[in-house]
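Asks: Here it is, the structure, as structure tokens.
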Amino acid sequence: MNKKPKLIRITTIPGSLRGLLTGQLAFMSNHFDVIGISSKGEVLDEVGEREGVRVLPVDMTRTISPLKDLKAVVQLYKILKKEKPLIVHTHTPKAGTIGMLASKLAGVPYRLHTIAGLPLLEATGKKRKILDIVEKITYSCATKIYPNSSGLKSIILQNKYTKESKLKVIGKGSSNGIDTSIFNPELYRSNSKKELKQQLNISEKDFVFVFVGRIVKDKGINELIESFKELSQQFNNIKLLLVGSFDSNLDPLKVENQIELNSNPAIISVGYQKDVRPYFSISNVLTFPSYREGFPNVVLQAGAMNLNSIVTNINGCNEIIQDGYNGFVIPPKNKEQLFNKMKWLIENQEQNELMSANTRKNICDNYERKYIWNEILKEYNTIIK
């Protein structure tokens with residue numbers, strides 16, 4: 001019996017392995033001997049158990065840490081020399097740099113890296129120059145780079161990080177697609193929605209804006225809170241539902257907005273949730289004014305749950321949302337435009353419902369999860385031939 005070729009998938013933190021690649025490792029294990037690598041912890045063990053694959057810990061940090069990064073490269077190099085994978089496929093910036101460098105040193109034949117966003121785009125000065133160099137090192141060590149949106153591919157070429165022949169967008173974008181049988185509004189009955197609303201002090205008459213993601217500056221949360229503050233002074237029956245964790249060390253909010261978040265009774269923060277679907281089910285619109293993205297799962301998830309989205313005119317977001325068709329596209333870092341679109345939706349709720357009829361069909365037609373998985377598998381089979 002022929003042995004399956006070995007595939008190693010790597011992310012910086014296990015939460016990314018769990019969230020960004022849900023189900024994909026299990027799918028690939030039908031065709032490859034799959035190993036998942038990320039920083040150690042219970043979440044990594046959970047990934048291994050859930051996906052039915054072997055997992056190995058390598059300590060990596062999301063911050064710039066030269067000594068820790070060097071240790072991680074050495075640790076990963078030793079693993080790769082022992083395991084001898086045919087393919088190493090990395091996700092997230094730090095795992096990309098460490099994974100591609102260690103893979104090249106270890107002589108891994110196929111070194112693949114998916115770009116799902118470029119945090120360095122918000123950096124300036126000396127930090128930006130350093131990050132640009134690191135990005136180029138990552139790309140030079142890889143044999144193929146997969147931006148998960150066409151807009152991201154254009155940004156990579158504009159910044160001259162690598163040549164076009166090394167780049168490919170798989171399918172129509174996205175790293176993992178959406179399981180539309182799970183993200184399905186039909187699964188949520190009126191009784192369960194009513195119960196959750198009562199728990200969160202949301203009335204049946206309230207118009208609910210939802211944000212799902214990290215509660216940080218780069219996600220546009222400052223603009224969102226400031227816009228909602230103005231709106232809540234004009235309208236009584238509105239709520240802002242924030243679903244996600246805070247990252248006060250890497251990317252904190254303005255102090256005054258943190259105070260507003262904690263003091264405004266119309267702003268409801270529920271923290272990180274493993275299952276975000278119930279919160280989509282009780283909401284009217286996704287507000288996602290992010291500064292930078294790759295191909296945002298949150299916008300796909302909201303669309304599958306029949307929600308229109310207000311997004312910024314950045315790669316990924318502006319490929320999923322067509323302005324006026326399944327949401328609105330506004331300039332990034334523009335509080336006035338965000339306020340205006342949120343206000344319009346409050347005042348035109350019937351039009352919002354009419355637009356939402358387009359949202360789920362768009363996701364089902366273009367971003368169904370199994371389609372994305374098969375496109376990635378097709379790419380693996382193509383390159384190893």
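As shown in the structure tokens, the chain order sets the letters A, B, ...; within each chain, residues go from 1, and ligands are also counted from 1 in the order they appear.
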Once DSSP has gone over the backbone, tell me which residues of segment 2-223 of chain A are in helix (DSSP H, G or I), as a VMD selection string.
Replies: chain A and resid 14 to 19 24 to 28 42 to 51 66 to 83 93 to 106 119 to 122 125 to 141 150 to 158 164 to 166 185 to 187 190 to 199 217 to 219 221 to 223
Asks: For segment 239-253 of chain A, please output as a PyMOL selection string all residues within 6 Å (counting only C-alpha atoms; exclusion window: fewer than 4 positions along the same chain).
Replies: chain A and resi 208-217+266-272
Asks: Considering only C-alpha atoms, can you say which of A:Ser281, A:Gln349, A:Gln75, A:Ser356 comes closest to Lys197 of chain A?
Replies: A:Ser281
Asks: Quick one: residues within 12 Å of Asn30 of chain A, only C-alpha atoms, excluding same-chain residues fewer than 2 positions away - as a PyMOL selection string?
Replies: chain A and resi 3-7+23-28+32-34+51-53+373-374+377
Asks: So that I can check the secondary structure, give me every residue of segment 72-298 of chain A assigned strand (DSSP E) by backbone DSSP, as number ranges by chain.
Replies: A: 87-91, 110-115, 144-147, 207-212, 238-243, 267-269, 285-288
